[in-house]
Every structure is written in C-alpha cells, then in structure tokens.
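For reference, the structure is listed below as structure tokens.
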Amino acid sequence: MFDLERWQEIFEAIRKNKLRTFLTGLSVASGIFILVILLATGKGIENGVAKQFERDAASRISVWTGVTSQGYKGLNPGRFIQLKNNDFDQTVLKYQDQLEYKSSIYRIWSGMTTYKNENGSYRIEGALPDYQFLENESMTAGRFINNYDQQNIEKVAVIGHKVFTDLFKGNNAIGEYIDISGIKFKVIGVFTDPGGEREEARIMMPLSTSQKVFNAGDNIRNIAFTLQSTGNFNRDVEASNIFTTQLENQLKTRHTIAPTDNRAITVRSNLQETKRFYDLNNMISLFFWGVGICTIIAGVVGVSNFMLIIVKERTKEIGIRKAIGAEPWSIIWMILHESIFITAIAGFLGLIFGLGLLELAGPAIETEFISNPSVDFNIAISTVFILIVAGAIAGFFPAYRAAKIKPIEALNDD
C-alpha cells in the first residue's frame with residue numbers, strides 16, 4: 001500500500017542532506033556504470049576473439065613445415081621438410097574414423113591472372129573439395145571444386161569476391177575463362193570468406209590441377225583437418241590434443257626429424273588456441289567483475305555511512321516516535337526505506353547511463369580483438385537488484401542502531 005506520508009519524510013530527509021545524498025548516490029551510480037562498462041568490454045573481447053576464429057573452421061587442425069633445427073640420425077640440421085601427397089593419404093587412412101573434413105593444399109603466393117583487359121596478381125591454392133568447409137567459405141555464385149574436378153585434373157577455378165570485383169566488375173563470371181600464368185581456366189564459382197578482402201583475393205583450383213600446372217609433382221604445402229565433434233567442447237579439445245600429438249610424431253618419424261625439434265613440423269589446433277583465448281577472457285572477465293564489485297561495495301559503504309549520519313541527526317525524532325509508541329521494526333523500516341530508495345535510484349541511473357553509452361558507442365568499436373562491446377540486459381538488471389539488496393543490508397545496521405535508541409536518551413540528545 002502506498003504510504004504518502006512515508007515518502008514525504010524520505011524526500012524531506014533527502015532535501016535536508018542534498019550534498020550528502022548526491023555524493024552517496026554518485027558513488028553507487030558510478031559503481032554500476034563502471035561494472036556495466038567493464039562487463040561490456042569483456043564481452044567485446046569475447047566477440048573479437050570469436051571473430052578471429054570464424055575465419056577458419058572452429059576445430060581446424062593445420063600442418064605446415066619448416067627447416068630442421070637439430071641433426072638427427074646422421075642428417076644435418078637445416079633441411080627443409082617437404083610434405084608429399086602420401087603424407088596426407090597415410091594420415092587419412094590411419095585416422096579416417098576420426099576425421100570430418102580433410103584437404104591437402106598446394107599454394108602459389110602470386111599468380112598473374114587476366115580476364116580480357118583486366119589483370120591482377122592473386123594467391124593460387126590447389127585443394128580438395130572439403131577445403132570449402134575448412135576455410136568457412138560461402139558460395140555466392142556457382143559451385144566449389146568437386147571430386148570429378150580433382151580426379152580428372154580439370155582446369156576449373158573458384159574465385160574470391162575480391163578477384164570477382166577486380167576482374168569482372170560485377171558482371172557474370174560463371175562459365176567465363178580467366179588466364180592464370182598463361183593457362184585458361186573456366187570459372188565455376190565465386191566465394192566469400194569471413195577473413196575479408198585478404199582471404200577473398202584467392203583463386204581455388206583442384207589440387208591435382210595445381211600440381212600439374214605448376215610442376216609440383218606430388219609436393220603439397222599444407223594439410224588441414226577437422227575432427228568429428230563429440231558435442232562437448234572440453235572432450236573435443238582433449239581429442240584434438242591427442243590427435244595433434246600423434247600426427248606430429250607420425251610426420252617426424254616419416255621425415256626423420258628429431259622428436260625434440262619444434263621447428264621442422266608445426267601442427268596447430270584451432271580448438272587449443274580457442275581454449276587458451278577463452279580461458280584468458282574468463283580471467284579478464286573475473287578481474288572486471290572484481291573491480292566492478294569493489295566499486296559497488298565502496299558505494300554501499302557510502303550508503304551505510306550516510307544512513308548513520310541520518311540516524312544521528314534524527315535521534316530526537318526517533319526518540320519522540322518511540323515515546324509515543326512506535327515499534328522497533330517501524331523505526332528499522334523507516335531507515336531502510338531511505339537506504340533502498342537512494343540505492344535503487346542511483347543504481348538505475350548508473351545502469352541507464354552505462355547502457356546508453358554502449359548503445360551509442362558500442363557498435364562503432366571495431367578493433368582486431370574487440371568487437372561490438374555489449375552487456376546482457378538481464379545480467380545488468382540482476383546486478384541492480386543485487387545492489388538494492390546490498391543497500392538494504394547497508395541500511396539495516398544504522399536502522400538497527402536507531403531502533404535500539406532509548407526514548408529518554410534521544411530526547412536529551414544535543
């Protein structure tokens with residue numbers, strides 16, 4: 001039931017202590033504001049990390065080689081390790097029950113490409129049909145490479161959107177022929193890539209075709225896989241760790257590389273990287289929560305101190321109330337009303353300013369590792385209600401002290 005007299009008393013108490021009320025409310029509001037901004041920053045980091053890993057399949061495992069850094073079994077250091085088709089075939093045969101998508105890749109970093117009067121230099125990649133899913137590529141026109149293209153060494157090409165806009169200027173590309181290093185290729189598809197323009201400045205062709213056209217023999221540059229998912233992130237990470245260790249050992253054995261040589265063969269799992277980033281992000285989020293909560297606690301302590309001052313100034317009033325029969329619980333409730341009111345108003349103001357700032361500035365924040373910082377509204381509201389409860393607790397102790405005041409002592413108070 002709405003008690004007009006009670007609210008009038010609250011507003012009168014606030015009016016008499018305007019500066020104290022303002023400073024107390026400001027400390028509470030700033031606590032909520034800071035917490036909202038910190039939580040949004042944590043979410044922005046999480047979004048940024050997720051965006052980085054969207055470029056490839058989330059569970060992708062990539063293999064590439066380098067130069068040996070140690071001598072082993074009579075072989076000198078400094079050998080470049082060249083992957084072969086057989087490295088890929090043997091791995092697929094051994095782990096076929098665990099694998100989801102798989103592809104070996106042969107890459108030319110710069111291939112001069114011409115269409116009519118337009119030309120450009122683009123990265124050329126020969127790959128297998130599964131490569132579309134390993135790269136998270138989406139077809140905007142035509143199709144990707146298929147098994148028929150691979151088996152029959154077809155001179156077909158799938159071009160990135162950047163290549164499409166550079167050479168075709170938005171006109172139809174499907175069925176047209178482009179010239180790559182003096183050889184004609186039929187365009188069968190156009191793709192987009194989450195990695196943006198850099199990743200879309202590529203031309204894909206069947207692996208078998210790229211090896212023949214560029215005289216690569218059975219050489220490959222990289223190998224990429226994804227494993228079958230168990231539906232549980234931690235189990236997937238564990239399976240990925242086991243697989244990468246086994247694969248690295250297998251390739252080191254095949255190419256006579258020292259087990260302790262970490263430069264010759266690199267096997268990287270996106271899941272391992274994702275877990276490291278998310279673990280770091282969780283630590284950052286916990287730190288942000290800690291800072292925000294400490295700020296809120298400081299505001300709540302300010303509310304408690306403010307109410308102690310109010311109780312001290314209203315000692316005679318409390319004594320008169322008790323003298324005419326006021327129950328202790330009514331005195332407690334009177335003080336709690338004021339404490340909760342100040343905390344609630346300040347908390348909601350801090351929340352509104354925080355969410356308002358995020359609404360205006362959040363979408364514009366776009367860096368490599370921070371993207372669209374935001375905060376879940378339910379979490380924000382829950383935080384305010386927790387703050388109100390904390391405000392009630394902060395006000396209880398001054399209220400309890402007020403309820404214990406004896407009327408005769410209160411009336412004699414100066």
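Note on naming: chains are A, B, ... as they come in the structure tokens, residues start from 1 per chain, ligands start from 1 in the order shown.
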
Test item: residues at most 10 Å from range 282-287 of chain A, only C-alpha atoms, excluding those fewer than 5 positions along its chain, as an NGL selection string: :A and (38-43 or 45-46 or 276-277 or 292-293)

Selected residues, N, CA, C and O atoms, written as a CSV table (one decimal), in the first residue's frame, please.
```csv
chain,number,residue,atom,x,y,z
A,38,LEU,N,32.8,-2.4,-17.8
A,38,LEU,CA,33.8,-3.4,-17.8
A,38,LEU,C,33.2,-4.8,-18.3
A,38,LEU,O,33.9,-5.5,-19.0
A,39,LEU,N,32.0,-5.1,-18.0
A,39,LEU,CA,31.4,-6.3,-18.5
A,39,LEU,C,31.2,-6.2,-20.0
A,39,LEU,O,31.4,-7.2,-20.7
A,40,ALA,N,30.9,-5.1,-20.5
A,40,ALA,CA,30.7,-4.9,-21.9
A,40,ALA,C,32.1,-5.0,-22.6
A,40,ALA,O,32.2,-5.6,-23.7
A,41,THR,N,33.1,-4.5,-22.0
A,41,THR,CA,34.5,-4.7,-22.6
A,41,THR,C,34.9,-6.1,-22.6
A,41,THR,O,35.4,-6.6,-23.6
A,42,GLY,N,34.6,-6.9,-21.6
A,42,GLY,CA,34.8,-8.3,-21.6
A,42,GLY,C,34.1,-9.0,-22.7
A,42,GLY,O,34.6,-9.9,-23.4
A,43,LYS,N,32.8,-8.6,-22.9
A,43,LYS,CA,32.0,-9.2,-24.0
A,43,LYS,C,32.6,-8.8,-25.3
A,43,LYS,O,32.6,-9.7,-26.3
A,45,ILE,N,35.7,-8.3,-26.0
A,45,ILE,CA,36.9,-9.1,-26.2
A,45,ILE,C,36.5,-10.5,-26.7
A,45,ILE,O,37.1,-11.1,-27.6
A,46,GLU,N,35.5,-11.0,-26.0
A,46,GLU,CA,35.0,-12.4,-26.4
A,46,GLU,C,34.5,-12.4,-27.9
A,46,GLU,O,34.8,-13.3,-28.6
A,276,ARG,N,42.7,-21.4,-25.1
A,276,ARG,CA,43.6,-20.5,-24.5
A,276,ARG,C,43.0,-19.1,-24.4
A,276,ARG,O,43.1,-18.4,-23.4
A,277,PHE,N,42.4,-18.7,-25.5
A,277,PHE,CA,41.9,-17.3,-25.6
A,277,PHE,C,40.7,-17.2,-24.6
A,277,PHE,O,40.5,-16.2,-23.9
A,292,GLY,N,34.6,-4.1,-10.6
A,292,GLY,CA,33.2,-3.5,-10.5
A,292,GLY,C,32.5,-3.7,-9.2
A,292,GLY,O,31.9,-2.8,-8.6
A,293,ILE,N,32.7,-4.9,-8.6
A,293,ILE,CA,32.0,-5.3,-7.3
A,293,ILE,C,32.7,-4.4,-6.2
A,293,ILE,O,32.0,-4.0,-5.3
```

Nearby residues (only C-alpha atoms) at most 8 Å from range 142-146 of chain A, same-chain spacing under 4 positions excluded, as a ChimeraX atom specification: /A:128-129,132,150,156-158,174,188-190,204-206

Test item: residues at most 12 Å from Ile81 in chain A, only C-alpha atoms, excluding those fewer than 6 positions along its chain, as a list in words: Val63, Trp64, Thr65, Gly66, Val67, Thr68, Ser69, Asp87, Asn219, Ile220, Arg221, Asn222, Leu251, Lys252, Arg254, His255, Thr256, Ile257, Arg263, Ala264, Ile265 and Thr266 of chain A

Would you put the residues from that selection into a file with N, CA, C and O atoms, as a PDB file, in the first residue's frame?
```
ATOM      1  N   VAL A  63      48.653 -28.245 -40.627  1.00  0.00           N
ATOM      2  CA  VAL A  63      50.020 -28.760 -40.611  1.00  0.00           C
ATOM      3  C   VAL A  63      50.836 -28.000 -41.649  1.00  0.00           C
ATOM      4  O   VAL A  63      50.410 -27.843 -42.792  1.00  0.00           O
ATOM      5  N   TRP A  64      51.994 -27.488 -41.237  1.00  0.00           N
ATOM      6  CA  TRP A  64      52.937 -26.924 -42.192  1.00  0.00           C
ATOM      7  C   TRP A  64      54.353 -27.245 -41.725  1.00  0.00           C
ATOM      8  O   TRP A  64      54.559 -27.683 -40.582  1.00  0.00           O
ATOM      9  N   THR A  65      55.297 -27.061 -42.603  1.00  0.00           N
ATOM     10  CA  THR A  65      56.667 -27.487 -42.311  1.00  0.00           C
ATOM     11  C   THR A  65      57.626 -26.315 -42.394  1.00  0.00           C
ATOM     12  O   THR A  65      57.310 -25.249 -42.928  1.00  0.00           O
ATOM     13  N   GLY A  66      58.831 -26.561 -41.863  1.00  0.00           N
ATOM     14  CA  GLY A  66      59.892 -25.568 -41.916  1.00  0.00           C
ATOM     15  C   GLY A  66      61.222 -26.259 -42.100  1.00  0.00           C
ATOM     16  O   GLY A  66      61.316 -27.301 -42.755  1.00  0.00           O
ATOM     17  N   VAL A  67      62.245 -25.699 -41.468  1.00  0.00           N
ATOM     18  CA  VAL A  67      63.610 -26.224 -41.585  1.00  0.00           C
ATOM     19  C   VAL A  67      63.996 -26.876 -40.273  1.00  0.00           C
ATOM     20  O   VAL A  67      63.701 -26.349 -39.191  1.00  0.00           O
ATOM     21  N   THR A  68      64.664 -28.022 -40.347  1.00  0.00           N
ATOM     22  CA  THR A  68      65.087 -28.716 -39.124  1.00  0.00           C
ATOM     23  C   THR A  68      66.103 -27.868 -38.368  1.00  0.00           C
ATOM     24  O   THR A  68      66.962 -27.212 -38.960  1.00  0.00           O
ATOM     25  N   SER A  69      65.971 -27.872 -37.050  1.00  0.00           N
ATOM     26  CA  SER A  69      66.892 -27.098 -36.211  1.00  0.00           C
ATOM     27  C   SER A  69      67.896 -27.996 -35.498  1.00  0.00           C
ATOM     28  O   SER A  69      68.801 -27.503 -34.824  1.00  0.00           O
ATOM     29  N   ASP A  87      51.898 -38.220 -47.438  1.00  0.00           N
ATOM     30  CA  ASP A  87      51.736 -37.822 -46.029  1.00  0.00           C
ATOM     31  C   ASP A  87      50.258 -37.620 -45.711  1.00  0.00           C
ATOM     32  O   ASP A  87      49.782 -38.047 -44.651  1.00  0.00           O
ATOM     33  N   ASN A 219      54.262 -32.773 -54.496  1.00  0.00           N
ATOM     34  CA  ASN A 219      54.509 -31.876 -53.353  1.00  0.00           C
ATOM     35  C   ASN A 219      53.222 -31.175 -52.912  1.00  0.00           C
ATOM     36  O   ASN A 219      52.391 -30.814 -53.746  1.00  0.00           O
ATOM     37  N   ILE A 220      53.087 -30.971 -51.609  1.00  0.00           N
ATOM     38  CA  ILE A 220      51.999 -30.157 -51.050  1.00  0.00           C
ATOM     39  C   ILE A 220      52.593 -29.195 -50.022  1.00  0.00           C
ATOM     40  O   ILE A 220      53.680 -29.428 -49.495  1.00  0.00           O
ATOM     41  N   ARG A 221      51.892 -28.101 -49.795  1.00  0.00           N
ATOM     42  CA  ARG A 221      52.395 -27.090 -48.850  1.00  0.00           C
ATOM     43  C   ARG A 221      51.852 -27.317 -47.439  1.00  0.00           C
ATOM     44  O   ARG A 221      52.571 -27.156 -46.463  1.00  0.00           O
ATOM     45  N   ASN A 222      50.586 -27.612 -47.361  1.00  0.00           N
ATOM     46  CA  ASN A 222      49.919 -27.741 -46.050  1.00  0.00           C
ATOM     47  C   ASN A 222      48.932 -28.902 -46.073  1.00  0.00           C
ATOM     48  O   ASN A 222      48.535 -29.383 -47.135  1.00  0.00           O
ATOM     49  N   LEU A 251      54.541 -37.717 -38.459  1.00  0.00           N
ATOM     50  CA  LEU A 251      55.240 -37.000 -39.533  1.00  0.00           C
ATOM     51  C   LEU A 251      56.734 -36.865 -39.235  1.00  0.00           C
ATOM     52  O   LEU A 251      57.567 -36.932 -40.153  1.00  0.00           O
ATOM     53  N   LYS A 252      57.098 -36.689 -37.971  1.00  0.00           N
ATOM     54  CA  LYS A 252      58.524 -36.623 -37.611  1.00  0.00           C
ATOM     55  C   LYS A 252      59.218 -37.950 -37.891  1.00  0.00           C
ATOM     56  O   LYS A 252      60.365 -37.974 -38.365  1.00  0.00           O
ATOM     57  N   ARG A 254      58.252 -40.183 -40.194  1.00  0.00           N
ATOM     58  CA  ARG A 254      58.305 -40.369 -41.643  1.00  0.00           C
ATOM     59  C   ARG A 254      59.424 -39.540 -42.283  1.00  0.00           C
ATOM     60  O   ARG A 254      60.037 -39.971 -43.262  1.00  0.00           O
ATOM     61  N   HIS A 255      59.695 -38.362 -41.735  1.00  0.00           N
ATOM     62  CA  HIS A 255      60.678 -37.458 -42.356  1.00  0.00           C
ATOM     63  C   HIS A 255      62.002 -37.405 -41.593  1.00  0.00           C
ATOM     64  O   HIS A 255      62.824 -36.527 -41.849  1.00  0.00           O
ATOM     65  N   THR A 256      62.193 -38.334 -40.651  1.00  0.00           N
ATOM     66  CA  THR A 256      63.442 -38.455 -39.891  1.00  0.00           C
ATOM     67  C   THR A 256      63.811 -37.131 -39.225  1.00  0.00           C
ATOM     68  O   THR A 256      64.837 -36.492 -39.513  1.00  0.00           O
ATOM     69  N   ILE A 257      62.932 -36.714 -38.345  1.00  0.00           N
ATOM     70  CA  ILE A 257      63.117 -35.458 -37.607  1.00  0.00           C
ATOM     71  C   ILE A 257      63.258 -35.789 -36.130  1.00  0.00           C
ATOM     72  O   ILE A 257      62.532 -36.656 -35.596  1.00  0.00           O
ATOM     73  N   ARG A 263      60.723 -26.946 -34.827  1.00  0.00           N
ATOM     74  CA  ARG A 263      60.653 -26.024 -35.958  1.00  0.00           C
ATOM     75  C   ARG A 263      60.329 -26.718 -37.281  1.00  0.00           C
ATOM     76  O   ARG A 263      59.799 -26.089 -38.192  1.00  0.00           O
ATOM     77  N   ALA A 264      60.678 -27.970 -37.384  1.00  0.00           N
ATOM     78  CA  ALA A 264      60.547 -28.658 -38.672  1.00  0.00           C
ATOM     79  C   ALA A 264      59.092 -28.952 -39.030  1.00  0.00           C
ATOM     80  O   ALA A 264      58.695 -28.855 -40.191  1.00  0.00           O
ATOM     81  N   ILE A 265      58.294 -29.348 -38.044  1.00  0.00           N
ATOM     82  CA  ILE A 265      56.881 -29.678 -38.267  1.00  0.00           C
ATOM     83  C   ILE A 265      56.047 -28.885 -37.263  1.00  0.00           C
ATOM     84  O   ILE A 265      56.314 -28.915 -36.059  1.00  0.00           O
ATOM     85  N   THR A 266      55.038 -28.183 -37.748  1.00  0.00           N
ATOM     86  CA  THR A 266      54.113 -27.469 -36.860  1.00  0.00           C
ATOM     87  C   THR A 266      52.711 -28.001 -37.094  1.00  0.00           C
ATOM     88  O   THR A 266      52.233 -28.023 -38.230  1.00  0.00           O
TER      89      THR A 266
END
```

Residues of range 149-266 of chain A in helix (DSSP H, G or I), written as a VMD selection string: chain A and resid 149 to 151 161 to 168 197 to 200 207 to 213 233 to 254

Would you save the residues from that selection as a PDB file, in the first residue's frame, using C-alpha atoms?
```pdb
ATOM      1  CA  ASP A 149      37.384 -31.990 -60.970  1.00  0.00           C
ATOM      2  CA  GLN A 150      40.108 -33.485 -58.778  1.00  0.00           C
ATOM      3  CA  GLN A 151      40.150 -36.921 -60.404  1.00  0.00           C
ATOM      4  CA  HIS A 161      34.885 -11.996 -54.234  1.00  0.00           C
ATOM      5  CA  LYS A 162      37.841  -9.568 -54.475  1.00  0.00           C
ATOM      6  CA  VAL A 163      39.041 -11.291 -57.655  1.00  0.00           C
ATOM      7  CA  PHE A 164      35.470 -11.207 -58.985  1.00  0.00           C
ATOM      8  CA  THR A 165      35.108  -7.436 -58.431  1.00  0.00           C
ATOM      9  CA  ASP A 166      38.621  -6.704 -59.777  1.00  0.00           C
ATOM     10  CA  LEU A 167      38.345  -8.701 -62.985  1.00  0.00           C
ATOM     11  CA  PHE A 168      34.630  -8.894 -63.743  1.00  0.00           C
ATOM     12  CA  GLU A 197      39.291  -8.993 -48.580  1.00  0.00           C
ATOM     13  CA  ARG A 198      42.676 -10.607 -47.972  1.00  0.00           C
ATOM     14  CA  GLU A 199      41.168 -14.094 -47.972  1.00  0.00           C
ATOM     15  CA  GLU A 200      38.895 -13.258 -50.904  1.00  0.00           C
ATOM     16  CA  LEU A 207      44.872 -29.931 -56.098  1.00  0.00           C
ATOM     17  CA  SER A 208      45.741 -32.310 -58.936  1.00  0.00           C
ATOM     18  CA  THR A 209      45.464 -29.464 -61.456  1.00  0.00           C
ATOM     19  CA  SER A 210      47.662 -27.091 -59.454  1.00  0.00           C
ATOM     20  CA  GLN A 211      50.367 -29.742 -59.032  1.00  0.00           C
ATOM     21  CA  LYS A 212      50.416 -30.440 -62.760  1.00  0.00           C
ATOM     22  CA  VAL A 213      50.176 -26.821 -63.952  1.00  0.00           C
ATOM     23  CA  PHE A 233      33.933 -28.630 -26.014  1.00  0.00           C
ATOM     24  CA  ASN A 234      36.358 -29.986 -23.397  1.00  0.00           C
ATOM     25  CA  ARG A 235      36.243 -33.501 -24.841  1.00  0.00           C
ATOM     26  CA  ASP A 236      36.795 -32.072 -28.325  1.00  0.00           C
ATOM     27  CA  VAL A 237      39.837 -30.142 -27.071  1.00  0.00           C
ATOM     28  CA  GLU A 238      41.216 -33.297 -25.446  1.00  0.00           C
ATOM     29  CA  ALA A 239      40.676 -35.325 -28.631  1.00  0.00           C
ATOM     30  CA  SER A 240      42.327 -32.564 -30.666  1.00  0.00           C
ATOM     31  CA  ASN A 241      45.363 -32.523 -28.336  1.00  0.00           C
ATOM     32  CA  ILE A 242      45.787 -36.291 -28.668  1.00  0.00           C
ATOM     33  CA  PHE A 243      45.394 -36.186 -32.447  1.00  0.00           C
ATOM     34  CA  THR A 244      47.865 -33.328 -32.963  1.00  0.00           C
ATOM     35  CA  THR A 245      50.490 -35.073 -30.802  1.00  0.00           C
ATOM     36  CA  GLN A 246      50.069 -38.372 -32.665  1.00  0.00           C
ATOM     37  CA  LEU A 247      50.132 -36.669 -36.070  1.00  0.00           C
ATOM     38  CA  GLU A 248      53.248 -34.652 -35.236  1.00  0.00           C
ATOM     39  CA  ASN A 249      55.058 -37.782 -34.042  1.00  0.00           C
ATOM     40  CA  GLN A 250      53.943 -39.674 -37.158  1.00  0.00           C
ATOM     41  CA  LEU A 251      55.240 -37.000 -39.533  1.00  0.00           C
ATOM     42  CA  LYS A 252      58.524 -36.623 -37.611  1.00  0.00           C
ATOM     43  CA  THR A 253      59.094 -40.351 -37.904  1.00  0.00           C
ATOM     44  CA  ARG A 254      58.305 -40.369 -41.643  1.00  0.00           C
TER      45      ARG A 254
END
```

Two-atom distance - CA of Gly196 in chain A, CA of Gly126 in chain A (Å): 19.8 Å

Shell of 10 Å around Thr343 in chain A, only C-alpha atoms, local chain residues under 2 positions omitted, as a list in words: Thr24, Gly25, Leu26, Ser27, Val28, Ala29, Gly299, Val300, Val303, Glu338, Ser339, Ile340, Phe341, Ile345, Ala346, Gly347, Phe348, Leu349, Val384, Phe385, Leu387, Ile388, Val389, Ala390, Gly391, Ala392, Ala394 and Gly395 of chain A

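Nearest-residue note for Ile159 in chain A: choosing from A:Leu134, A:Ala201, A:Leu93, A:Ile37, the minimum distance belongs to A:Ala201, counting only C-alpha atoms.
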
Contacts of range 267-271 of chain A at 6 Å (only C-alpha atoms; same-chain gap of 2+ positions) as number ranges by chain: A: 59-63, 237, 273-274

For Arg202 in chain A: contacts at 6 Å, only C-alpha atoms, fewer than 4 positions along chain excluded, given as a PyMOL selection string: chain A and resi 122-124+160

CA of Trp109 in chain A to CA of Asp179 in chain A, straight-line distance in Å: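 Distance between the two atoms: 16.2 Å.
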
CA of Ser121 in chain A to CA of Phe214 in chain A, distance in Å rounded to a single decimal: 15.6 Å

Which of A:Pro194, A:Gly182, A:Pro259, A:Pro373 sits closest to Leu358 in chain A [using only C-alpha atoms]: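 Ranking A:Pro194, A:Gly182, A:Pro259, A:Pro373 by distance to Leu358 in chain A, first place goes to A:Pro373.
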
Residue with smallest distance to Ala58 in chain A - pool A:Ser138, A:Gln96, A:Asn117, A:Gln228, counting only C-alpha atoms: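 Going through A:Ser138, A:Gln96, A:Asn117, A:Gln228 one by one, the smallest distance to Ala58 in chain A is for A:Gln228.
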
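Among the candidates A:Leu336, A:Ala258, A:Arg79, A:Leu351, the one nearest to Thr383 in chain A when counting only C-alpha atoms is A:Leu351.
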
Which of A:Lys155, A:Leu83, A:Trp333, A:Thr114 sits closest to Ile223 in chain A [using only C-alpha atoms]: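 Nearest to Ile223 in chain A: A:Leu83.
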
Which residue of A:Ile386, A:Ile183, A:Trp329, A:Ile153 approaches Ala344 in chain A most closely, using only C-alpha atoms: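 Of the candidates, the smallest distance to Ala344 in chain A is held by A:Ile386.
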